[in-house]
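This report concerns only the one structure given below.
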Amino acid sequence: MYRGLHRLLLLAALLLLPAKALRGQDFLLGLFQSPKGVGITAVFDHGGEMDLFTLRTDFCGLLSGRTAQIGGVASYSHDYVLLYKEMEDYAFSLHAGAGVMAGWVHDFENGFFSVYDRQMTRNPGIAAGVTGNVGLRVDFARNITLDLSLSVCPGIHLRTNKSTGALITSFYKGGLYHAYFPQLNLFYRF
């Protein structure tokens, strides 16, 4: 079903690699892991600021067995380093920022604990919105970086009605309800 996904992620990573030489800044590339989904993240670090680009899957309803459809999300965040502390073998930084997201996703639906309404009743659709990001980054001496963050994504969700085919626009509830899901990035610094 999604055989080409790993090839697409590898191609995106290879296209981003030469960007460090062109822009003269630190470049980090890593794996994104969260109950929200999995994917890749690229970071362009400008010292006190950083640009984060993430391309990931969307697991809304998948892990609970409510749907077999996987969505996809692309997001960007421009974060500022609020606090920086350097030690002998590692450095901590607290960062926060804002950005945008867009993707093809399922939205949050009630009935997670219901015996009868287990399957998702609404079609997936296009979601677009703004993001707010806050995270803790740990840079180790061996060019490895761990980043643990939380992200909120208020926005809109555009989908079609299953029975009538009419377009429905609604508030993207999943962007708020899934804000407490942690996001872990494991990076390599180039």
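Letters A, B, ... mark the chains of the structure tokens in the order given; residue numbers begin at 1 per chain; ligand numbers begin at 1, in order shown.
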
- [ ] Name the residues of range 117-166 of chain A that fall into strand (DSSP E) according to DSSP on the backbone, using the chain letters and numbers of this document, as a ChimeraX atom specification.
- [x] /A:125-140,144-152,155-160

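For the pair CA of Phe92 in chain A and CA of Ala42 in chain A, the separation is 18.8 Å.
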
Close residues, Val138 in chain A itself excluded, 8 Å, only C-alpha atoms, min 3 positions apart in chain, as a CSV table (one decimal) with N, CA, C and O atoms, in the first residue's frame:
```csv
chain,number,residue,atom,x,y,z
A,90,TYR,N,28.1,17.5,26.7
A,90,TYR,CA,26.8,17.7,26.1
A,90,TYR,C,26.4,19.2,26.4
A,90,TYR,O,26.9,19.9,27.2
A,91,ALA,N,25.3,19.6,25.6
A,91,ALA,CA,24.7,20.9,25.8
A,91,ALA,C,23.2,20.8,25.8
A,91,ALA,O,22.7,20.0,25.0
A,92,PHE,N,22.6,21.5,26.7
A,92,PHE,CA,21.1,21.6,26.7
A,92,PHE,C,20.6,22.9,26.1
A,92,PHE,O,21.3,23.9,26.3
A,93,SER,N,19.5,22.8,25.4
A,93,SER,CA,18.9,24.1,25.0
A,93,SER,C,17.4,23.9,25.0
A,93,SER,O,16.8,22.9,24.6
A,145,THR,N,22.1,14.2,18.5
A,145,THR,CA,21.3,15.1,19.2
A,145,THR,C,19.9,14.5,19.5
A,145,THR,O,19.4,13.8,18.6
A,146,LEU,N,19.4,14.6,20.7
A,146,LEU,CA,18.1,14.2,21.1
A,146,LEU,C,17.2,15.4,21.3
A,146,LEU,O,17.7,16.4,21.9
A,147,ASP,N,16.0,15.4,20.8
A,147,ASP,CA,15.1,16.6,21.0
A,147,ASP,C,13.7,16.0,21.4
A,147,ASP,O,13.1,15.2,20.6
```

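Of note, CA of Gly39 in chain A and CA of Thr57 in chain A are spaced 6.2 Å apart.
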
- [ ] Would you mind listing what lies within 8 Å of Ile70 in chain A as a ChimeraX atom specification, with only C-alpha atoms counted and same-chain residues fewer than 2 positions away left out?
- [x] /A:57-60,62,68,72,105

Take the residues from that selection and write them out as a short mmCIF file (atom, residue, chain, number, x, y, z; two decimals), in the first residue's frame, keeping N, CA, C and O atoms.
```cif
data_model
loop_
_atom_site.label_atom_id
_atom_site.label_comp_id
_atom_site.auth_asym_id
_atom_site.auth_seq_id
_atom_site.Cartn_x
_atom_site.Cartn_y
_atom_site.Cartn_z
N THR A 57 4.18 10.60 8.85
CA THR A 57 2.88 9.96 8.68
C THR A 57 1.95 10.46 9.78
O THR A 57 2.39 11.08 10.75
N ASP A 58 0.65 10.20 9.64
CA ASP A 58 -0.32 10.56 10.67
C ASP A 58 -1.04 9.29 11.10
O ASP A 58 -1.66 8.62 10.28
N PHE A 59 -0.94 8.96 12.39
CA PHE A 59 -1.50 7.73 12.93
C PHE A 59 -2.85 7.92 13.60
O PHE A 59 -3.29 7.05 14.34
N CYS A 60 -3.56 9.01 13.37
CA CYS A 60 -4.84 9.26 14.05
C CYS A 60 -5.81 8.12 13.74
O CYS A 60 -6.18 7.88 12.61
N LEU A 62 -5.22 4.97 13.84
CA LEU A 62 -4.53 3.75 13.41
C LEU A 62 -4.11 2.90 14.61
O LEU A 62 -4.37 1.70 14.64
N ALA A 68 -7.68 1.85 9.10
CA ALA A 68 -6.46 1.27 8.51
C ALA A 68 -5.76 2.28 7.61
O ALA A 68 -4.73 1.96 7.01
N GLY A 72 -0.66 11.76 6.05
CA GLY A 72 0.66 12.35 5.92
C GLY A 72 0.62 13.82 6.27
O GLY A 72 -0.37 14.50 6.00
N VAL A 105 -5.21 13.98 6.66
CA VAL A 105 -5.34 13.32 7.95
C VAL A 105 -6.79 13.02 8.30
O VAL A 105 -7.71 13.60 7.72
#
```
